[in-house]
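Okay, protein01.csv now, which holds CSV, C-alpha atoms:
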chain,number,residue,atom,x,y,z
K,1093,MET,CA,0.0,0.0,0.0
K,1094,THR,CA,1.3,3.4,-0.9
K,1095,GLN,CA,2.2,5.5,2.2
K,1096,PHE,CA,1.3,9.1,1.6
K,1097,GLU,CA,3.3,11.6,3.6
K,1098,GLN,CA,1.6,13.7,6.1
K,1099,SER,CA,1.5,17.5,5.7
K,1100,ALA,CA,4.1,19.6,7.5
K,1101,LEU,CA,1.1,21.0,9.6
K,1102,LEU,CA,0.2,17.5,10.9
K,1103,GLN,CA,3.8,16.6,11.5
K,1104,GLY,CA,4.1,19.8,13.6
K,1105,LEU,CA,1.3,18.8,16.0
K,1106,PRO,CA,2.3,18.0,19.6
K,1107,ASP,CA,2.1,14.5,20.9
K,1108,GLN,CA,-1.4,13.6,22.1
K,1109,PHE,CA,-0.8,12.9,25.8
K,1110,PHE,CA,-4.2,11.4,26.5
K,1111,ALA,CA,-4.2,9.1,23.5
K,1112,ARG,CA,-0.9,7.7,24.8
K,1113,LEU,CA,-2.3,7.2,28.3
K,1114,THR,CA,-5.4,5.5,27.0
K,1115,ALA,CA,-3.3,3.1,24.9
K,1116,THR,CA,-1.3,2.2,28.0
K,1117,VAL,CA,-4.5,1.4,29.9
K,1118,ARG,CA,-5.8,-0.8,27.1
K,1119,LYS,CA,-2.5,-2.7,27.0
K,1120,HIS,CA,-2.6,-3.6,30.7
K,1121,LEU,CA,-6.3,-4.5,30.6
K,1122,ALA,CA,-5.6,-6.9,27.7
K,1123,GLN,CA,-3.1,-8.6,30.0
K,1124,GLY,CA,-5.9,-9.5,32.4
K,1125,HIS,CA,-5.0,-7.2,35.2
K,1126,ASP,CA,-7.7,-5.6,37.5
K,1127,ILE,CA,-6.9,-2.0,36.6
K,1128,ILE,CA,-8.2,0.9,38.7
K,1129,ASN,CA,-8.0,3.7,36.1
K,1130,LEU,CA,-7.8,7.1,37.8
K,1131,GLY,CA,-5.6,8.6,35.1
K,1132,GLN,CA,-8.2,10.1,32.8
K,1133,GLY,CA,-10.9,12.8,33.0
K,1134,ASN,CA,-13.7,10.7,31.7
K,1135,PRO,CA,-16.8,10.8,34.0
K,1136,ASP,CA,-17.7,7.3,35.3
K,1137,LEU,CA,-21.4,8.0,36.0
K,1138,PRO,CA,-24.2,7.8,33.5
K,1139,THR,CA,-26.0,10.7,31.9
K,1140,PRO,CA,-29.2,11.5,33.9
K,1141,ASP,CA,-32.3,9.7,32.6
K,1142,PHE,CA,-34.3,12.8,31.9
K,1143,ILE,CA,-31.6,14.0,29.5
K,1144,VAL,CA,-31.4,10.6,27.7
K,1145,GLU,CA,-35.2,10.5,27.4
K,1146,THR,CA,-35.2,13.9,25.9
K,1147,LEU,CA,-32.7,12.8,23.2
K,1148,GLN,CA,-34.7,9.6,22.5
K,1149,GLN,CA,-37.9,11.6,22.0
K,1150,ALA,CA,-36.3,14.3,20.0
K,1151,ALA,CA,-34.5,11.9,17.7
K,1152,SER,CA,-37.9,10.8,16.3
K,1153,GLU,CA,-38.9,14.3,15.4
K,1154,PRO,CA,-38.5,15.0,11.6
K,1155,GLN,CA,-37.2,18.6,12.2
K,1156,PHE,CA,-34.1,17.2,13.9
K,1157,GLN,CA,-33.4,14.6,11.1
K,1158,GLN,CA,-32.6,17.4,8.7
K,1159,TYR,CA,-29.5,19.6,8.8
K,1160,SER,CA,-29.3,21.8,11.9
K,1161,PRO,CA,-28.8,25.6,11.4
K,1162,PHE,CA,-25.1,26.3,10.8
K,1163,SER,CA,-24.6,28.1,14.0
K,1164,GLY,CA,-26.9,25.9,16.1
K,1165,HIS,CA,-30.5,26.1,17.2
K,1166,LEU,CA,-31.7,29.3,18.8
K,1167,PHE,CA,-33.5,27.4,21.5
K,1168,LEU,CA,-30.1,26.0,22.8
K,1169,LYS,CA,-28.5,29.5,22.7
K,1170,GLU,CA,-31.5,30.8,24.7
K,1171,ALA,CA,-31.0,28.0,27.2
K,1172,VAL,CA,-27.4,29.0,27.5
K,1173,SER,CA,-28.4,32.6,28.2
K,1174,THR,CA,-30.9,31.5,30.8
K,1175,PHE,CA,-28.3,29.2,32.4
K,1176,TYR,CA,-25.7,32.0,32.7
K,1177,LYS,CA,-28.3,34.4,34.2
K,1178,ARG,CA,-29.5,31.9,36.7
K,1179,GLU,CA,-26.0,30.5,37.7
K,1180,TYR,CA,-23.8,33.6,37.5
K,1181,ASN,CA,-26.2,36.6,37.1
K,1182,VAL,CA,-24.4,37.3,33.8
K,1183,THR,CA,-26.5,38.6,30.9
K,1184,ILE,CA,-25.8,36.8,27.5
K,1185,ASP,CA,-27.3,37.8,24.2
K,1186,PRO,CA,-28.3,34.4,22.7
K,1187,GLU,CA,-28.0,35.6,19.1
K,1188,THR,CA,-24.6,37.3,19.2
K,1189,GLU,CA,-22.8,36.1,22.3
K,1190,VAL,CA,-23.2,32.2,22.1
K,1191,ALA,CA,-21.4,29.7,19.8
K,1192,VAL,CA,-22.5,26.1,19.9
K,1193,LEU,CA,-19.5,23.7,20.0
K,1194,PHE,CA,-18.8,20.0,19.4
K,1195,GLY,CA,-17.6,19.8,23.0
K,1196,ALA,CA,-15.4,22.6,24.6
K,1197,LYS,CA,-12.2,20.9,23.3
K,1198,THR,CA,-13.2,21.8,19.8
K,1199,GLY,CA,-13.6,25.4,20.7
K,1200,LEU,CA,-10.4,25.5,22.6
K,1201,VAL,CA,-8.6,24.3,19.5
K,1202,GLU,CA,-10.5,26.5,17.1
K,1203,ILE,CA,-10.1,29.8,18.8
K,1204,SER,CA,-6.3,29.9,18.0
K,1205,GLN,CA,-7.1,29.4,14.4
K,1206,CYS,CA,-9.7,32.2,14.6
K,1207,LEU,CA,-7.5,34.8,16.2
K,1208,LEU,CA,-3.8,33.9,15.7
K,1209,ASN,CA,-1.6,34.3,12.7
K,1210,PRO,CA,1.7,32.5,12.1
K,1211,GLY,CA,4.2,33.8,14.6
K,1212,ASP,CA,1.7,35.3,17.0
K,1213,VAL,CA,1.9,34.5,20.7
K,1214,ALA,CA,-0.5,32.9,23.1
K,1215,LEU,CA,0.0,32.7,26.8
K,1216,LEU,CA,-0.5,29.2,28.3
K,1217,PRO,CA,-0.5,27.9,31.9
K,1218,ASP,CA,2.2,25.3,32.9
K,1219,PRO,CA,1.0,22.8,33.9
K,1220,GLY,CA,-2.1,23.0,31.8
K,1221,TYR,CA,-4.5,21.0,29.6
K,1222,PRO,CA,-2.3,19.7,26.7
K,1223,ASP,CA,-4.8,20.3,23.9
K,1224,TYR,CA,-4.5,24.1,24.2
K,1225,THR,CA,-1.2,23.7,22.3
K,1226,SER,CA,-2.9,21.8,19.4
K,1227,GLY,CA,-4.8,24.8,18.2
K,1228,ILE,CA,-1.7,27.0,18.5
K,1229,ALA,CA,0.3,24.6,16.4
K,1230,LEU,CA,-2.5,24.4,13.8
K,1231,ALA,CA,-2.4,28.2,13.6
K,1232,GLN,CA,1.4,28.1,13.3
K,1233,ALA,CA,1.6,30.4,16.3
K,1234,GLN,CA,3.8,30.3,19.4
K,1235,ALA,CA,3.1,29.4,23.0
K,1236,SER,CA,4.6,31.4,25.8
K,1237,LEU,CA,4.3,29.5,29.1
K,1238,PHE,CA,3.7,30.9,32.6
K,1239,PRO,CA,4.0,28.7,35.7
K,1240,LEU,CA,1.3,27.7,38.1
K,1241,LEU,CA,2.9,27.3,41.5
K,1242,ALA,CA,1.6,25.9,44.7
K,1243,GLU,CA,2.9,28.9,46.6
K,1244,ASN,CA,0.6,31.1,44.5
K,1245,ASP,CA,-2.5,28.8,44.8
K,1246,PHE,CA,-1.8,27.7,41.3
K,1247,LEU,CA,-2.8,31.1,39.9
K,1248,PRO,CA,-0.6,33.0,37.4
K,1249,ASP,CA,1.5,35.9,38.6
K,1250,TYR,CA,1.0,38.4,35.8
K,1251,LYS,CA,3.9,40.5,37.1
K,1252,SER,CA,6.2,37.7,36.1
K,1253,ILE,CA,5.3,38.0,32.4
K,1254,SER,CA,7.7,40.3,30.7
K,1255,LYS,CA,6.3,43.5,29.1
K,1256,GLU,CA,7.6,42.4,25.7
K,1257,THR,CA,5.8,39.1,25.9
K,1258,ALA,CA,2.6,40.7,27.2
K,1259,GLU,CA,2.6,43.2,24.3
K,1260,ARG,CA,3.1,40.4,21.7
K,1261,ALA,CA,0.5,38.1,23.1
K,1262,LYS,CA,-2.9,37.9,21.5
K,1263,LEU,CA,-4.5,35.1,23.6
K,1264,LEU,CA,-4.4,34.1,27.2
K,1265,PHE,CA,-5.7,30.6,28.2
K,1266,LEU,CA,-7.0,30.1,31.7
K,1267,ASN,CA,-8.9,27.2,33.3
K,1268,TYR,CA,-10.5,27.3,36.8
K,1269,PRO,CA,-11.3,25.0,38.6
K,1270,ASN,CA,-8.0,23.9,37.1
K,1271,ASN,CA,-7.0,20.8,35.3
K,1272,PRO,CA,-4.6,19.3,36.5
K,1273,THR,CA,-3.8,21.2,39.7
K,1274,ALA,CA,-7.4,21.5,41.0
K,1275,GLY,CA,-6.6,25.1,41.9
K,1276,VAL,CA,-9.6,27.5,42.0
K,1277,ALA,CA,-9.9,31.1,41.1
K,1278,THR,CA,-11.4,34.1,42.9
K,1279,HIS,CA,-13.4,37.0,41.8
K,1280,ASP,CA,-10.5,39.3,42.6
K,1281,PHE,CA,-8.2,37.2,40.4
K,1282,PHE,CA,-10.6,37.5,37.5
K,1283,GLU,CA,-10.8,41.3,38.0
K,1284,GLU,CA,-7.0,41.4,37.9
K,1285,THR,CA,-7.1,39.2,34.7
K,1286,VAL,CA,-9.4,41.7,33.0
K,1287,ARG,CA,-7.0,44.6,33.9
K,1288,PHE,CA,-4.0,42.7,32.5
K,1289,ALA,CA,-5.8,41.7,29.3
K,1290,SER,CA,-7.2,45.1,28.7
K,1291,ALA,CA,-3.9,46.8,29.2
K,1292,ASN,CA,-2.2,44.5,26.6
K,1293,ASN,CA,-5.1,44.0,24.2
K,1294,ILE,CA,-5.2,40.3,24.9
K,1295,CYS,CA,-8.3,38.0,24.4
K,1296,VAL,CA,-8.9,35.9,27.4
K,1297,VAL,CA,-10.1,32.3,26.9
K,1298,HIS,CA,-11.4,30.8,30.1
K,1299,ASP,CA,-12.1,27.1,30.1
K,1300,LEU,CA,-14.8,26.5,32.7
K,1301,ALA,CA,-15.0,22.7,32.1
K,1302,TYR,CA,-15.3,22.0,35.9
K,1303,GLY,CA,-17.4,25.1,36.7
K,1304,ALA,CA,-20.1,23.1,38.5
K,1305,ILE,CA,-17.7,21.2,40.7
K,1306,GLY,CA,-16.8,23.2,43.8
K,1307,TYR,CA,-16.5,21.8,47.4
K,1308,ASP,CA,-17.2,22.9,50.9
K,1309,GLY,CA,-20.2,25.0,49.9
K,1310,VAL,CA,-18.2,27.3,47.6
K,1311,LYS,CA,-19.4,27.7,44.0
K,1312,PRO,CA,-16.5,28.4,41.5
K,1313,PRO,CA,-16.9,31.8,39.9
K,1314,SER,CA,-17.3,32.5,36.1
K,1315,PHE,CA,-14.7,34.7,34.5
K,1316,LEU,CA,-17.7,36.6,32.9
K,1317,GLN,CA,-18.7,37.8,36.4
K,1318,ALA,CA,-15.8,40.2,36.4
K,1319,ALA,CA,-16.5,43.7,35.3
K,1320,GLY,CA,-15.4,44.2,31.7
K,1321,ALA,CA,-14.9,40.5,31.1
K,1322,LYS,CA,-17.1,40.3,28.0
K,1323,GLU,CA,-15.1,43.1,26.5
K,1324,THR,CA,-11.9,41.1,27.0
K,1325,GLY,CA,-12.7,37.5,26.2
K,1326,VAL,CA,-14.9,34.4,26.1
K,1327,GLU,CA,-15.6,31.5,28.4
K,1328,MET,CA,-16.0,27.9,27.2
K,1329,TYR,CA,-18.3,25.5,28.9
K,1330,THR,CA,-18.9,21.8,28.3
K,1331,LEU,CA,-21.8,19.6,29.4
K,1332,SER,CA,-19.4,16.7,29.8
K,1333,LYS,CA,-18.6,17.1,33.4
K,1334,THR,CA,-21.7,19.0,34.8
K,1335,TYR,CA,-24.1,16.5,33.3
K,1336,ASN,CA,-22.0,13.4,32.6
K,1337,MET,CA,-22.3,14.0,28.9
K,1338,ALA,CA,-18.7,13.5,27.8
K,1339,GLY,CA,-19.6,11.2,24.9
K,1340,TRP,CA,-22.3,13.5,23.6
K,1341,ARG,CA,-19.7,16.2,22.5
K,1342,VAL,CA,-21.7,19.3,23.2
K,1343,GLY,CA,-20.5,22.6,24.7
K,1344,PHE,CA,-20.6,26.3,24.0
K,1345,ALA,CA,-18.6,29.5,24.0
K,1346,VAL,CA,-20.0,32.7,25.5
K,1347,GLY,CA,-18.8,36.3,25.7
K,1348,ASN,CA,-17.2,38.8,23.3
K,1349,ALA,CA,-19.4,39.1,20.3
K,1350,SER,CA,-16.6,39.6,17.8
K,1351,VAL,CA,-14.9,36.4,19.0
K,1352,ILE,CA,-18.2,34.4,18.9
K,1353,LYS,CA,-18.7,35.7,15.3
K,1354,SER,CA,-15.2,34.4,14.4
K,1355,ILE,CA,-15.8,31.0,15.9
K,1356,ASN,CA,-19.1,30.7,14.1
K,1357,LEU,CA,-17.5,31.7,10.8
K,1358,LEU,CA,-14.8,29.0,11.1
K,1359,GLN,CA,-17.4,26.4,12.1
K,1360,ASP,CA,-19.5,27.3,9.1
K,1361,HIS,CA,-16.6,26.0,6.9
K,1362,LEU,CA,-16.1,22.8,9.0
K,1363,TYR,CA,-19.5,21.6,10.2
K,1364,VAL,CA,-23.3,21.9,9.9
K,1365,SER,CA,-23.7,22.2,13.6
K,1366,LEU,CA,-24.5,19.1,15.8
K,1367,PHE,CA,-27.5,16.8,15.7
K,1368,GLY,CA,-30.6,18.8,16.7
K,1369,ALA,CA,-31.8,16.1,19.1
K,1370,ILE,CA,-28.5,16.5,21.1
K,1371,GLN,CA,-29.1,20.2,21.1
K,1372,GLN,CA,-32.6,19.7,22.5
K,1373,ALA,CA,-31.2,17.4,25.2
K,1374,ALA,CA,-28.5,19.9,26.1
K,1375,ALA,CA,-31.1,22.6,26.4
K,1376,THR,CA,-33.2,20.4,28.7
K,1377,ALA,CA,-30.1,19.8,30.9
K,1378,LEU,CA,-29.3,23.5,31.2
K,1379,LEU,CA,-32.9,24.5,32.0
K,1380,SER,CA,-33.5,21.7,34.6
K,1381,ASP,CA,-33.7,22.3,38.3
K,1382,GLN,CA,-30.0,21.2,38.7
K,1383,ASN,CA,-30.8,18.8,41.5
K,1384,GLU,CA,-28.9,16.1,39.6
K,1385,VAL,CA,-25.9,18.4,39.5
K,1386,LYS,CA,-26.0,19.1,43.2
K,1387,GLU,CA,-26.1,15.4,43.9
K,1388,LEU,CA,-23.2,14.8,41.6
K,1389,VAL,CA,-21.1,17.4,43.3
K,1390,ALA,CA,-21.9,15.9,46.7
K,1391,ARG,CA,-20.9,12.5,45.4
K,1392,TYR,CA,-17.6,13.8,44.2
K,1393,GLU,CA,-17.0,15.5,47.6
K,1394,LYS,CA,-17.6,12.2,49.4
K,1395,ARG,CA,-15.1,10.6,47.1
K,1396,ARG,CA,-12.6,13.4,47.7
K,1397,ASN,CA,-12.8,13.0,51.4
K,1398,VAL,CA,-12.4,9.2,51.2
K,1399,PHE,CA,-9.4,9.4,49.0
K,1400,VAL,CA,-7.6,12.3,50.5
K,1401,ASN,CA,-8.1,11.0,54.1
K,1402,GLY,CA,-6.9,7.6,52.9
K,1403,LEU,CA,-3.7,9.1,51.4
K,1404,LYS,CA,-3.0,10.9,54.6
K,1405,ARG,CA,-3.6,7.7,56.6
K,1406,ILE,CA,-0.9,5.9,54.7
K,1407,GLY,CA,1.5,8.8,55.1
K,1408,LEU,CA,1.1,10.6,51.7
K,1409,GLU,CA,0.6,14.3,52.1
K,1410,VAL,CA,-1.8,16.1,49.8
K,1411,GLU,CA,-4.0,19.1,49.7
K,1412,ALA,CA,-7.7,18.4,49.4
K,1413,PRO,CA,-8.9,19.9,46.2
K,1414,LYS,CA,-11.4,22.8,46.4
K,1415,GLY,CA,-12.8,22.2,42.9
K,1416,SER,CA,-12.7,19.8,39.9
K,1417,PHE,CA,-12.6,16.0,40.3
K,1418,PHE,CA,-8.9,15.8,40.4
K,1419,VAL,CA,-6.3,15.3,43.2
K,1420,TRP,CA,-2.9,16.9,42.4
K,1421,MET,CA,-0.6,14.8,44.5
K,1422,PRO,CA,3.1,15.4,45.1
K,1423,VAL,CA,5.1,12.2,44.4
K,1424,PRO,CA,7.0,10.6,47.3
K,1425,GLN,CA,10.7,11.5,47.7
K,1426,GLY,CA,13.0,9.8,45.2
K,1427,PHE,CA,10.4,9.5,42.4
K,1428,THR,CA,9.8,11.5,39.3
K,1429,SER,CA,6.3,11.9,38.0
K,1430,GLU,CA,6.9,9.2,35.3
K,1431,SER,CA,8.6,6.8,37.6
K,1432,PHE,CA,5.9,7.0,40.3
K,1433,ALA,CA,3.1,6.6,37.7
K,1434,ASP,CA,4.9,3.6,36.3
K,1435,TYR,CA,5.5,2.1,39.7
K,1436,LEU,CA,1.8,2.4,40.6
K,1437,LEU,CA,0.8,0.8,37.4
K,1438,LYS,CA,3.3,-2.1,37.6
K,1439,GLU,CA,3.0,-2.9,41.3
K,1440,ALA,CA,-0.6,-1.8,42.1
K,1441,HIS,CA,-2.3,-1.9,38.7
K,1442,LEU,CA,-3.4,1.7,39.5
K,1443,VAL,CA,-3.4,4.3,36.7
K,1444,VAL,CA,-2.6,7.9,37.4
K,1445,ALA,CA,-1.5,10.7,35.0
K,1446,PRO,CA,2.2,11.8,35.4
K,1447,GLY,CA,2.3,15.5,36.0
K,1448,ASN,CA,5.0,16.2,33.5
K,1449,GLY,CA,2.5,15.3,30.8
K,1450,PHE,CA,0.9,18.7,31.6
K,1451,GLY,CA,4.1,20.7,31.4
K,1452,GLN,CA,7.5,21.3,32.9
K,1453,TYR,CA,6.0,22.6,36.2
K,1454,GLY,CA,3.9,19.5,36.5
K,1455,GLU,CA,7.0,17.5,37.3
K,1456,GLY,CA,6.9,16.2,40.8
K,1457,TYR,CA,3.2,15.5,40.8
K,1458,VAL,CA,0.6,13.0,39.6
K,1459,ARG,CA,-3.0,13.8,38.7
K,1460,ILE,CA,-5.5,11.4,40.2
K,1461,GLY,CA,-9.2,11.4,39.0
K,1462,LEU,CA,-11.9,10.8,41.5
K,1463,LEU,CA,-13.7,8.8,38.9
K,1464,ALA,CA,-14.5,5.6,40.7
K,1465,GLU,CA,-16.9,4.6,43.4
K,1466,GLU,CA,-15.8,5.0,47.0
K,1467,ASP,CA,-15.0,1.3,47.5
K,1468,ARG,CA,-12.7,1.3,44.5
K,1469,LEU,CA,-11.0,4.5,45.8
K,1470,GLU,CA,-10.5,2.8,49.1
K,1471,GLU,CA,-9.1,-0.3,47.3
K,1472,ALA,CA,-6.7,2.0,45.5
K,1473,ILE,CA,-5.5,3.3,48.9
K,1474,GLN,CA,-5.1,-0.3,50.2
K,1475,ARG,CA,-3.0,-1.2,47.1
K,1476,MET,CA,-0.8,1.8,47.6
K,1477,ALA,CA,-0.4,1.1,51.3
K,1478,LYS,CA,1.2,-2.2,50.4
K,1479,LEU,CA,3.9,-0.6,48.4
K,1480,ARG,CA,7.3,0.2,49.9
K,1481,PHE,CA,8.1,3.7,48.6
K,1482,ALA,CA,11.1,4.1,50.9
K,1483,SER,CA,12.7,0.9,49.5
K,1484,ILE,CA,13.6,2.6,46.2
K,1485,THR,CA,14.1,6.2,47.2
K,1486,SER,CA,17.5,7.7,46.8
What is this structure when it is put down as structure tokens?
Amino acid sequence: MTQFEQSALLQGLPDQFFARLTATVRKHLAQGHDIINLGQGNPDLPTPDFIVETLQQAASEPQFQQYSPFSGHLFLKEAVSTFYKREYNVTIDPETEVAVLFGAKTGLVEISQCLLNPGDVALLPDPGYPDYTSGIALAQAQASLFPLLAENDFLPDYKSISKETAERAKLLFLNYPNNPTAGVATHDFFEETVRFASANNICVVHDLAYGAIGYDGVKPPSFLQAAGAKETGVEMYTLSKTYNMAGWRVGFAVGNASVIKSINLLQDHLYVSLFGAIQQAAATALLSDQNEVKELVARYEKRRNVFVNGLKRIGLEVEAPKGSFFVWMPVPQGFTSESFADYLLKEAHLVVAPGNGFGQYGEGYVRIGLLAEEDRLEEAIQRMAKLRFASITS
């Protein structure tokens, strides 16, 4: 068979970290091991029944068996507007300030192609969600990384970004509650972000994938709640985590009308929006009483408490996350991120994500997902308790 050479654009794409991690899990499962997979961000619970039932009913409606409007159905955009007003007291124009996305990941890749030219600069968190770099690479632009450090509550220090870099930057990616660090933002931080972005004519892209998941009674804020936020950027939201709809691939971008227009223009050339029945189900989810979401967050909080308390019980120090469904755990002395993840997989059949897969400043950590029931999390602790960390430390 003739092997056709990939384009230079594809050859320049970064390694897909999560694809590699998934392949590793499949390999060990095929060997017959009882794997506890806490390495991925794939929700383990089913989509609520009322959302599934809406899809089933809507799928039989002839109007949804035709092409959807290019930029999505207005009823979904109106549901997004209602959701933002109810959850964050933010007013969103459904016709000009909402873009329907094939999952937030799509929008996070697309926005670089919408706003960056070859050689332009985007500011990225380190550690951070690896797929931010995919869109930058496709736009043939450059990433300038800023560290997220424990001593700064995993928030960026804008003063550490040089004046020259800030002046060159066109995009700033943020993500709170944060993947992978589980750091959370404050209203004051978002106000500071607006000032920084406005002073340097930077578009902020806030990834609110874990926006519903906050603990100890504290609701994570939206970037758009900050004064002037809609003038300086957009926020991207996915239904994957809030409603356990990861496989449905539905999300949206909200905010600055000029950016939303650019996203819609690019998507006009790529897609004919997503299946209308999925849009109907998404609207149903957004407009519901959110009791299922509250129960989900309570469930994750119980899992967090079981797992974090278990780690401390066996002598592993870790901060309890305030948001997201991740635990960002420092590795024991003598390990690197990779060597500790490999050790857990080999000796305990436990999958975690090595922190260095999220960037240079992720070294020394592993990311652990609270994506198993409490008994499996307790079993993971018991397996770790049997390991002898000290025996191979330097």
Next item on the list: Give me, please, the distance in Å between atom CA of Val1190 of chain K and atom CA of Val1342 of chain K, quoted to one decimal.
Entry: 13.0 Å
Notebook entry, point to check: Quick one: of K:Pro1217, K:Pro1222, K:Gly1407, K:Pro1140, who's nearest to Lys1478 of chain K, counting all atoms listed in the file?
Noted result: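 Nearest candidate to Lys1478 of chain K out of K:Pro1217, K:Pro1222, K:Gly1407, K:Pro1140: K:Gly1407.
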Next item on the list: Work out how far apart atom CA of Gly1447 of chain K and atom CA of Asp1308 of chain K are and give it in Å to one decimal.
Entry: 25.6 Å
Next item on the list: Write out as an NGL selection string the residues lying within 9 Å of segment 1274-1283 of chain K, counting only C-alpha atoms and excluding same-chain residues fewer than 4 positions away.
Entry: :K and (1242 or 1245-1247 or 1267-1270 or 1287-1288 or 1306 or 1312-1321 or 1412-1420)
Check: If you measure from atom CA of Glu1455 of chain K to atom CA of Gly1220 of chain K, what distance in Å do you get, rounded to one decimal?
Finding: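 Distance between the two atoms: 12.0 Å.
Across K:Ile1406, K:Ala1151, K:Ile1128, K:Leu1266, the tightest approach to Leu1436 of chain K is made by K:Ile1128 when counting only C-alpha atoms.
The smallest atom-to-atom distance between Leu1240 of chain K and any of K:Tyr1453, K:Leu1263, K:Ala1291, K:Arg1475, using all atoms listed in the file, is found for K:Tyr1453.
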Check: Could you name the residues that touch Val1389 of chain K at 12 Å or less, counting only C-alpha atoms, but leaving out those on the same chain fewer than 6 positions away, as a list in words?
Finding: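 After dropping sequence-adjacent residues, the list is Leu1137, Tyr1302, Gly1303, Ala1304, Ile1305, Gly1306, Tyr1307, Asp1308, Gly1309, Val1310, Lys1311, Lys1333, Thr1334, Tyr1335, Asn1336, Gln1382, Asn1383, Arg1395, Arg1396, Lys1414, Gly1415, Ser1416, Phe1417 and Leu1462 of chain K.
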Checklist line | Residues near Ala1369 of chain K, cut-off 6 Å, only C-alpha atoms, skip fewer than 3 positions along chain, as a PyMOL selection string | finding: chain K and resi 1147+1150-1151+1156+1372
Could those residues be written to a file, using C-alpha atoms, as an mmCIF file, in the coordinates of the input?
data_model
loop_
_atom_site.group_PDB
_atom_site.id
_atom_site.type_symbol
_atom_site.label_atom_id
_atom_site.label_comp_id
_atom_site.auth_asym_id
_atom_site.auth_seq_id
_atom_site.Cartn_x
_atom_site.Cartn_y
_atom_site.Cartn_z
ATOM 1 C CA LEU K 1147 -32.700 12.800 23.200
ATOM 2 C CA ALA K 1150 -36.300 14.300 20.000
ATOM 3 C CA ALA K 1151 -34.500 11.900 17.700
ATOM 4 C CA PHE K 1156 -34.100 17.200 13.900
ATOM 5 C CA GLN K 1372 -32.600 19.700 22.500
#
Do a neighbour search on Ala1258 of chain K at 7 Å with all atoms listed in the file, toss out local chain neighbours closer than 4 positions, and write the hits as a PDB file with C-alpha atoms, in the coordinates of the input.
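result-v4.pdb, written as the output of this step:
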ATOM      1  CA  ILE K1253       5.300  38.000  32.400  1.00  0.00           C
ATOM      2  CA  SER K1254       7.700  40.300  30.700  1.00  0.00           C
ATOM      3  CA  ASN K1292      -2.200  44.500  26.600  1.00  0.00           C
TER       4      ASN K1292
END
